[in-house]
Structure formats: C-alpha cells, structure tokens
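Structure file final24.tsv with TSV, C-alpha atoms:
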```
chain	number	residue	atom	x	y	z
A	171	MET	CA	33.77	-13.44	15.76
A	172	LYS	CA	33.07	-9.92	16.95
A	173	MET	CA	31.33	-7.09	15.18
A	174	PRO	CA	33.72	-4.39	13.94
A	175	ALA	CA	33.83	-1.19	15.96
A	176	LEU	CA	30.67	0.78	15.17
A	177	HIS	CA	30.54	4.59	15.16
A	178	LEU	CA	27.16	6.28	15.48
A	179	GLY	CA	26.37	9.58	13.76
A	180	ALA	CA	23.74	12.24	14.38
A	181	PRO	CA	20.19	11.07	13.62
A	182	VAL	CA	17.64	12.32	11.11
A	183	GLN	CA	13.94	12.06	11.87
A	184	ALA	CA	12.24	10.61	8.78
A	185	GLY	CA	8.55	10.60	9.64
A	186	PRO	CA	8.14	8.00	12.40
A	187	LEU	CA	11.69	6.65	11.95
A	188	THR	CA	14.77	7.95	13.77
A	189	VAL	CA	17.63	7.10	11.41
A	190	PHE	CA	21.20	6.99	12.73
A	191	PRO	CA	24.11	6.64	10.29
A	192	VAL	CA	26.70	4.03	11.27
A	193	TRP	CA	30.32	3.77	10.21
A	194	THR	CA	32.75	0.94	10.96
A	195	ASP	CA	36.50	0.60	11.28
A	196	ALA	CA	36.61	-2.65	9.27
A	197	PRO	CA	39.02	-2.58	6.30
A	198	LEU	CA	37.34	-1.63	3.05
A	199	ASP	CA	37.95	-4.08	0.23
A	200	VAL	CA	36.48	-4.98	-3.16
A	201	LYS	CA	33.03	-6.57	-2.87
A	202	PRO	CA	33.26	-10.35	-3.54
A	203	TYR	CA	29.57	-10.55	-4.44
A	204	ARG	CA	26.63	-8.82	-6.08
A	205	THR	CA	23.18	-8.21	-4.57
A	206	THR	CA	21.05	-8.61	-7.69
A	207	LEU	CA	20.55	-11.78	-9.67
A	208	PRO	CA	21.96	-11.85	-13.22
A	209	LYS	CA	19.36	-11.81	-15.99
A	210	THR	CA	19.85	-15.50	-16.71
A	211	ALA	CA	19.36	-16.51	-13.07
A	212	ARG	CA	16.25	-18.38	-12.02
A	213	VAL	CA	14.31	-18.63	-8.78
A	214	GLY	CA	11.57	-21.18	-8.66
A	215	GLU	CA	9.75	-24.06	-7.07
A	216	GLN	CA	11.65	-27.30	-6.62
A	217	ALA	CA	12.00	-29.53	-9.66
A	218	GLY	CA	10.17	-32.42	-7.98
A	219	GLY	CA	7.19	-30.25	-7.10
A	220	PRO	CA	6.44	-27.21	-4.92
A	221	SER	CA	7.48	-27.33	-1.27
A	222	VAL	CA	6.36	-24.59	1.12
A	223	PRO	CA	9.69	-24.16	3.00
A	224	GLN	CA	12.09	-24.35	0.05
A	225	LEU	CA	12.84	-22.65	-3.25
A	226	THR	CA	15.67	-23.25	-5.71
A	227	VAL	CA	17.98	-20.41	-6.78
A	228	SER	CA	20.15	-20.91	-9.87
A	229	ASN	CA	23.05	-18.48	-10.29
A	230	PRO	CA	24.79	-19.03	-13.64
A	231	GLY	CA	26.93	-15.90	-13.20
A	232	ALA	CA	30.63	-15.68	-12.42
A	233	VAL	CA	30.02	-13.69	-9.21
A	234	PRO	CA	28.30	-14.94	-6.01
A	235	VAL	CA	24.95	-13.32	-5.11
A	236	LEU	CA	24.25	-12.12	-1.57
A	237	MET	CA	20.58	-12.43	-0.59
A	238	PHE	CA	19.25	-11.01	2.67
A	239	GLU	CA	17.07	-12.28	5.50
A	240	GLY	CA	13.54	-11.07	4.92
A	241	ALA	CA	13.89	-10.78	1.14
A	242	LEU	CA	10.51	-11.33	-0.51
A	243	PHE	CA	9.75	-13.61	-3.45
A	244	ASP	CA	6.54	-13.25	-5.40
A	245	GLY	CA	5.01	-15.60	-7.94
A	246	GLY	CA	5.31	-19.36	-7.91
A	247	TRP	CA	2.70	-21.28	-5.98
A	248	GLN	CA	2.71	-18.72	-3.18
A	249	HIS	CA	4.72	-15.70	-2.07
A	250	ARG	CA	7.65	-16.52	0.22
A	251	VAL	CA	10.17	-14.78	2.49
A	252	LEU	CA	13.86	-15.76	2.78
A	253	ALA	CA	14.46	-17.17	6.26
A	254	SER	CA	18.10	-16.05	6.61
A	255	SER	CA	20.81	-14.28	4.65
A	256	ILE	CA	22.74	-16.48	2.24
A	257	LEU	CA	25.49	-16.26	-0.38
A	258	ILE	CA	24.62	-18.09	-3.62
A	259	GLY	CA	27.89	-19.27	-5.13
A	260	ALA	CA	28.95	-18.54	-8.70
A	261	ARG	CA	27.64	-21.02	-11.28
A	262	SER	CA	25.67	-22.95	-8.71
A	263	ASP	CA	22.16	-24.07	-7.81
A	264	LEU	CA	21.05	-23.93	-4.21
A	265	GLU	CA	17.94	-24.78	-2.23
A	266	VAL	CA	17.11	-21.92	0.13
A	267	ASP	CA	14.95	-21.95	3.25
A	268	VAL	CA	11.84	-19.81	2.98
A	269	ARG	CA	8.51	-19.32	4.73
A	270	CYS	CA	5.11	-18.69	3.19
A	271	ILE	CA	3.67	-15.18	3.44
A	272	GLU	CA	0.55	-15.87	1.36
A	273	GLN	CA	-1.59	-18.31	3.29
A	274	ARG	CA	-4.57	-18.60	0.95
A	275	ARG	CA	-2.94	-19.58	-2.35
A	276	TRP	CA	-1.36	-22.86	-3.41
A	277	SER	CA	-1.33	-22.73	-7.20
A	278	GLY	CA	0.44	-20.95	-10.02
A	279	GLY	CA	3.58	-21.20	-12.12
A	280	HIS	CA	7.10	-22.42	-11.40
A	281	ASP	CA	9.02	-19.15	-11.42
A	282	GLN	CA	9.49	-16.72	-8.56
A	283	ARG	CA	10.71	-13.12	-8.69
A	284	LEU	CA	13.10	-11.68	-6.12
A	285	SER	CA	11.42	-8.50	-4.92
A	286	ALA	CA	13.26	-5.30	-4.04
A	287	ARG	CA	11.33	-5.31	-0.75
A	288	ARG	CA	12.09	-6.85	2.64
A	289	ALA	CA	9.76	-8.23	5.28
A	290	PRO	CA	8.76	-5.93	8.17
A	291	LEU	CA	9.97	-6.29	11.75
A	292	ALA	CA	7.31	-8.65	13.13
A	293	VAL	CA	7.87	-11.16	10.33
A	294	ARG	CA	11.63	-10.98	10.82
A	295	GLY	CA	11.05	-11.58	14.52
A	296	ALA	CA	9.04	-14.68	13.61
A	297	LEU	CA	11.83	-15.88	11.30
A	298	ARG	CA	14.15	-15.80	14.31
A	299	GLY	CA	11.67	-17.41	16.69
A	300	LEU	CA	11.42	-14.24	18.78
A	301	ARG	CA	8.26	-14.29	20.87
A	302	HIS	CA	7.08	-12.94	24.20
A	303	GLU	CA	9.02	-13.17	27.44
A	304	ALA	CA	8.82	-16.83	28.49
A	305	ASP	CA	10.31	-18.53	25.45
A	306	ARG	CA	11.93	-15.72	23.46
A	307	PHE	CA	15.59	-16.52	24.01
A	308	GLU	CA	15.10	-20.26	24.11
A	309	ALA	CA	13.65	-19.96	20.61
A	310	GLU	CA	16.47	-17.69	19.49
A	311	ALA	CA	19.10	-20.14	20.69
A	312	GLY	CA	17.42	-22.91	18.71
A	313	ARG	CA	17.03	-20.78	15.58
A	314	HIS	CA	13.42	-21.93	15.44
A	315	SER	CA	10.99	-20.42	12.97
A	316	ASP	CA	7.35	-21.44	13.05
A	317	GLN	CA	5.25	-21.13	9.87
A	318	GLY	CA	2.08	-20.60	11.88
A	319	ASP	CA	3.71	-17.68	13.69
A	320	VAL	CA	4.69	-16.11	10.35
A	321	TRP	CA	1.10	-16.38	9.09
A	322	GLN	CA	-0.23	-14.92	12.34
A	323	ARG	CA	2.03	-11.89	11.98
A	324	VAL	CA	1.02	-11.36	8.34
A	325	GLN	CA	-2.58	-11.31	9.58
A	326	HIS	CA	-1.49	-8.73	12.18
A	327	TYR	CA	-0.51	-6.38	9.32
A	328	GLU	CA	-3.69	-7.16	7.40
A	329	GLN	CA	-5.80	-6.18	10.38
A	330	ARG	CA	-4.14	-2.79	10.58
A	331	HIS	CA	-3.27	-1.96	6.95
A	332	GLY	CA	-6.05	-3.77	5.09
A	333	ALA	CA	-6.57	-7.39	4.05
A	334	SER	CA	-5.63	-8.95	0.72
A	335	ARG	CA	-7.59	-11.60	-1.14
A	336	THR	CA	-4.99	-14.33	-0.52
A	337	SER	CA	-3.60	-13.00	2.79
A	338	SER	CA	-0.42	-11.87	1.00
A	339	LEU	CA	2.18	-9.74	2.76
A	340	VAL	CA	3.47	-8.63	-0.65
A	341	GLU	CA	0.10	-7.10	-1.53
A	342	VAL	CA	-0.41	-5.50	1.87
A	343	GLN	CA	3.04	-3.90	1.72
A	344	GLY	CA	2.46	-2.64	-1.83
A	345	GLY	CA	-0.63	-0.78	-0.66
A	346	LEU	CA	1.52	1.52	1.51
A	347	ASP	CA	3.75	2.88	-1.26
A	348	ARG	CA	2.52	6.48	-1.13
A	349	GLN	CA	2.87	6.75	2.64
A	350	VAL	CA	6.38	5.30	2.55
A	351	GLU	CA	7.68	7.49	-0.30
A	352	ALA	CA	7.88	10.61	1.88
A	353	ILE	CA	9.83	8.72	4.54
A	354	LEU	CA	12.35	7.42	2.01
A	355	ALA	CA	12.83	10.88	0.55
A	356	ALA	CA	13.72	12.39	3.94
A	357	VAL	CA	17.09	10.69	4.45
A	358	ARG	CA	19.82	9.12	2.32
A	359	PRO	CA	23.09	7.35	3.22
A	360	LEU	CA	26.16	9.53	3.77
A	361	PRO	CA	29.62	9.10	2.22
A	362	ALA	CA	31.44	5.97	3.44
A	363	GLN	CA	28.46	4.98	5.59
A	364	ARG	CA	28.28	1.19	5.99
A	365	GLY	CA	25.43	0.76	8.41
A	366	VAL	CA	22.16	2.18	9.67
A	367	LEU	CA	20.36	2.02	13.01
A	368	ILE	CA	16.64	2.70	12.89
A	369	GLY	CA	14.70	3.68	15.99
A	370	VAL	CA	10.92	3.45	16.25
A	371	ASP	CA	8.65	4.51	19.11
A	372	GLY	CA	11.54	5.78	21.20
A	373	HIS	CA	13.71	2.63	21.02
A	374	PRO	CA	16.25	1.11	18.60
A	375	ALA	CA	14.53	-1.50	16.43
A	376	LEU	CA	16.94	-2.60	13.68
A	377	LEU	CA	20.65	-2.26	12.92
A	378	GLU	CA	22.09	-3.42	9.61
A	379	VAL	CA	25.82	-3.31	8.87
A	380	PHE	CA	27.60	-4.18	5.62
A	381	ASP	CA	31.19	-4.59	4.53
A	382	HIS	CA	30.86	-1.99	1.76
A	383	PRO	CA	29.04	1.37	1.42
A	384	ASP	CA	27.69	0.37	-2.00
A	385	THR	CA	25.82	-2.56	-0.47
A	386	LEU	CA	24.14	-0.32	2.08
A	387	ALA	CA	23.18	2.15	-0.66
A	388	ALA	CA	21.66	-0.66	-2.75
A	389	GLN	CA	19.64	-1.96	0.22
A	390	TRP	CA	18.72	1.41	1.71
A	391	ASP	CA	15.18	1.76	0.42
A	392	ALA	CA	14.31	-1.85	1.22
A	393	ILE	CA	15.52	-1.50	4.82
A	394	LEU	CA	13.67	1.75	5.54
A	395	ASP	CA	10.57	0.63	3.65
A	396	SER	CA	10.26	-2.51	5.77
A	397	VAL	CA	10.54	-0.70	9.12
A	398	ALA	CA	8.19	2.05	7.94
A	399	MET	CA	5.46	-0.55	7.53
A	400	ASP	CA	5.69	-1.19	11.26
A	401	ALA	CA	6.08	2.43	12.29
A	402	LEU	CA	2.93	3.41	10.42
A	403	LEU	CA	0.98	1.23	12.87
A	404	LEU	CA	1.81	3.59	15.73
A	405	PRO	CA	-0.55	6.44	16.64
A	406	VAL	CA	2.17	8.98	17.42
A	407	THR	CA	5.82	9.61	16.52
A	408	VAL	CA	8.26	9.24	19.41
A	409	PRO	CA	11.90	10.03	18.49
A	410	THR	CA	14.58	7.61	19.65
A	411	PRO	CA	17.13	9.37	21.89
A	412	GLY	CA	20.85	9.05	21.27
A	413	HIS	CA	21.61	7.44	24.64
A	414	ARG	CA	19.39	4.45	23.81
A	415	ALA	CA	20.96	4.11	20.37
A	416	ARG	CA	24.45	4.18	21.88
A	417	ALA	CA	23.50	1.57	24.47
A	418	PHE	CA	22.21	-0.70	21.70
A	419	ILE	CA	25.46	-0.24	19.74
A	420	ARG	CA	27.52	-1.11	22.82
A	421	ALA	CA	25.45	-4.25	23.46
A	422	THR	CA	25.83	-5.27	19.82
A	423	MET	CA	29.62	-4.86	19.83
A	424	ALA	CA	29.85	-6.92	23.03
A	425	THR	CA	27.87	-9.82	21.51
A	426	GLU	CA	29.94	-12.73	20.20
A	427	LEU	CA	28.92	-14.01	16.76
A	428	GLN	CA	29.11	-17.81	16.72
A	429	ASP	CA	29.35	-20.26	13.82
A	430	ALA	CA	25.76	-21.13	12.87
A	431	GLY	CA	26.40	-23.45	9.93
A	432	ARG	CA	26.64	-22.82	6.22
A	433	ALA	CA	24.94	-19.98	4.39
A	434	GLY	CA	25.55	-21.22	0.87
A	435	ALA	CA	29.05	-20.17	-0.13
A	436	ALA	CA	29.49	-18.29	3.16
A	437	LEU	CA	29.35	-19.00	6.86
A	438	ALA	CA	26.26	-18.13	8.86
A	439	VAL	CA	26.92	-16.41	12.18
A	440	ALA	CA	24.53	-15.61	15.02
A	441	GLY	CA	24.62	-14.22	18.52
A	442	SER	CA	22.41	-13.01	21.35
A	443	ASP	CA	23.07	-11.29	24.67
A	444	ARG	CA	19.89	-12.96	26.04
A	445	ASN	CA	18.46	-9.57	26.89
A	446	LEU	CA	18.34	-7.15	24.00
A	447	VAL	CA	20.39	-8.18	20.96
A	448	SER	CA	19.45	-10.77	18.34
A	449	ALA	CA	22.18	-10.74	15.68
A	450	ARG	CA	22.53	-12.79	12.51
A	451	GLY	CA	24.88	-12.42	9.58
A	452	VAL	CA	27.08	-13.99	6.94
A	453	ALA	CA	30.86	-14.07	6.72
A	454	THR	CA	33.56	-15.20	4.33
A	455	ASP	CA	37.08	-14.21	5.35
A	456	ARG	CA	35.34	-11.27	7.04
A	457	LEU	CA	31.87	-10.28	8.18
A	458	ILE	CA	30.01	-9.10	5.08
A	459	HIS	CA	26.55	-8.49	6.54
A	460	ALA	CA	24.96	-8.40	9.97
A	461	ALA	CA	21.34	-7.68	10.87
A	462	VAL	CA	20.59	-6.98	14.53
A	463	VAL	CA	17.06	-6.64	15.87
A	464	ASN	CA	15.95	-5.42	19.27
A	465	ALA	CA	14.57	-8.64	20.77
A	466	ARG	CA	12.46	-6.65	23.26
A	467	HIS	CA	10.89	-4.18	20.84
A	468	GLN	CA	7.10	-4.37	20.70
A	469	LEU	CA	7.11	-4.25	16.90
A	470	VAL	CA	9.57	-7.14	16.58
A	471	LEU	CA	7.36	-9.22	18.89
A	472	ALA	CA	4.13	-8.03	17.20
A	473	ALA	CA	2.93	-6.92	20.62
```
Please re-express this file's structure in structure tokens.
Amino acid sequence: MKMPALHLGAPVQAGPLTVFPVWTDAPLDVKPYRTTLPKTARVGEQAGGPSVPQLTVSNPGAVPVLMFEGALFDGGWQHRVLASSILIGARSDLEVDVRCIEQRRWSGGHDQRLSARRAPLAVRGALRGLRHEADRFEAEAGRHSDQGDVWQRVQHYEQRHGASRTSSLVEVQGGLDRQVEAILAAVRPLPAQRGVLIGVDGHPALLEVFDHPDTLAAQWDAILDSVAMDALLLPVTVPTPGHRARAFIRATMATELQDAGRAGAALAVAGSDRNLVSARGVATDRLIHAAVVNARHQLVLAA
C-alpha cells in the first residue's frame, strides 16, 4: 500500500513549530469510525488483575472507535500510553498494547480515562524502537518497544521540564499548559486539510495524515501540543525550510506500507525507507490514518 499523493502548503511559524498544511488526493468518503469513546464505554485494567503492558477497552457503541498511537491513559494502577493506533470494533471488547509512563506508582482503581493528549516525540520514538545509529532500523523492522527505554525518555522530560512525584509523563505535560496555549492559538487547520507536517529545529519531525478533514480537526490540538513539549526543550527557534519539508514528503510517498498484522477491526500498516521515514498507520478498505516520524530527528531519538 502506498500513501496517497500529498500536497504541501505554505507554512505558519507557531512559536518553535513550523506547521505545514497537507492535502491529499485520496477520495473523500463518510467516516466509518469515531475518535471519542461513547459515554458507556470503559477503559480499565484487565479483569484478572492489572498488567503493565495491557489495558481492556470496551466499546458498546454501534460505531468503531479509532484510537491513536501515543494516546495517553490516566488513572488505573499507573498512567499508560497506547503503543500503536488501533480501531476498536463496534460492540466489542479488546485488549490493547500499552506502555507505562508513570514508573513510581503501582496502585489505584480499575478504571482508566482516555486523555485528549498524545505522547511527545521521544516517547513515540521509543514506542517504535527508534534509537541511535547502530540499531535504529533493526529495531524499527522488528517493531520492538522497550519499557525501560520509555521510562528513560519520560525521565528525560522530567529533567528538563520538572519532575513529578510518581515520574508521570501526564503530570509533566500538564505543567506546560500555559506555554503551549500560545502555540496552539497561532495556527488552525484550513478547509479540506487532511494532514499536517510539523518541523522543529530546522527539520521535519512529524507528519500525520487522515482520511477525513474532521479527524484532523479533532486531533489538531493533541498533535501540536505533543510536539510543542519537545520544541520547548530547545534554546532557540530555527524555522524548517520548505525544501526539507518537500524532501520528507517525497520520501514518505515513496515508502511502501506493508501489512503489519491486525489493529483491532482494522489492518496495521508500517514502512521505513531505512534512512529517514518511519511510518505506521491503520487501514480498512483504504488508509484511514498514518503517522510518520523523522527517524533521524534528535527529538525523536531523545538525543
């Protein structure tokens, strides 16, 4: 499977983020999913007892629910992050793969809450097994995610943004709300826009593409908020030039997305050009979401 043709628009500088609008030539159809859980849905620890790498999502609704890589869950026995995007089928219960982002707590209630936030770049790099030069693409090919690496990268944010009592990424991220608000206010999605490319420190960092403009609009704040957490670590703002953004788009479109197993009621797809692009997504009869990170970016690698 290939990405649809991607068309890059003129960027807006939103604080430390260079934000490029992206349009696609994929046919526009009715969304076969929702991105919020119905009120009667439940997310919680497993019935047989808490397990660090798994939570159970119950969707009693008549419409599947699309949940995104890096989505944060708070509550339960510890805060978690969703390891990869997944489509929770209608009227179904599903165990989902997660990683812990709160190292110093293992107690609490059963229920979890799906946060509106997403994990920042370094944690998403850890979820994909992206590390420094020697083993980066070997890890990507194996889809390996190491819990210790996730904890180490949460500590990386604590060192720079301030520690929390239980080493919780959720709490560290919440402490940046005021700084992030101005960034979010500087740019909004444009009509018919279905994707966004965000550059940080002079280089593309993250591209997210959806099958419908409404999905992008619903996820907009979460996407920018997560990258802003990384960008605020940098001492100066360096705009990302258009030629680098275009090169990243070309590399992405040339990357084949391979079958990577099931993603609930959808198919997981993944691809890498072994140099720059690390792409993951979910598809039904068409690609409904793809997230592409720059596998060489210092913020993705927590360098």
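The environment of region 322-338 of chain A within 10 Å, counting all atoms listed in the file and disregarding residues fewer than 6 places along the same chain, consists of Asp244, Gln248, His249, Arg250, Cys270, Ile271, Glu272, Gln273, Arg274, Arg275, Trp276, Ala289, Pro290, Leu291, Ala292, Val293, Arg294, Gly295, Ala296, Gly345, Leu346, Met399, Asp400, Leu402, Leu403, Leu471, Ala472 and Ala473 of chain A.
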Cut-off 10 Å: closest region 293-374 of chain A/region 383-386 of chain A atom pairs per residue, using all atoms listed in the file, as CSV:
```
residue,atom,partner,partner_atom,distance
A:Pro359,CA,A:Leu386,CA,7.8
A:Leu360,CA,A:Pro383,CA,9.0
A:Pro361,CA,A:Pro383,CA,7.8
A:Ala362,CA,A:Pro383,CA,5.6
A:Gln363,CA,A:Pro383,CA,5.5
A:Arg364,CA,A:Pro383,CA,4.6
A:Gly365,CA,A:Leu386,CA,6.5
A:Val366,CA,A:Leu386,CA,8.2
```
For CA of Ser228 (chain A) and CA of Arg261 (chain A), the interatomic separation in Å (one decimal)
7.6 Å
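Between CA of Thr410 (chain A) and CA of Glu378 (chain A) the interatomic distance comes to 16.7 Å.
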Show which residues sit within 8 Å of region 280-282 of chain A, as a list in words. Count all atoms listed in the file, and ignore same-chain residues fewer than 6 positions away.
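Counting all atoms listed in the file, the residues come to Arg212, Val213, Gly214, Glu215, Phe243, Asp244, Gly245, Gly246 and Trp247 of chain A.
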File dump, residues just selected, C-alpha atoms, as a short mmCIF file (atom, residue, chain, number, x, y, z; two decimals), in the frame of the given file:
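Result written to result-v3.cif:
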```
data_model
loop_
_atom_site.label_atom_id
_atom_site.label_comp_id
_atom_site.auth_asym_id
_atom_site.auth_seq_id
_atom_site.Cartn_x
_atom_site.Cartn_y
_atom_site.Cartn_z
CA ARG A 212 16.25 -18.38 -12.02
CA VAL A 213 14.31 -18.63 -8.78
CA GLY A 214 11.57 -21.18 -8.66
CA GLU A 215 9.75 -24.06 -7.07
CA PHE A 243 9.75 -13.61 -3.45
CA ASP A 244 6.54 -13.25 -5.40
CA GLY A 245 5.01 -15.60 -7.94
CA GLY A 246 5.31 -19.36 -7.91
CA TRP A 247 2.70 -21.28 -5.98
#
```
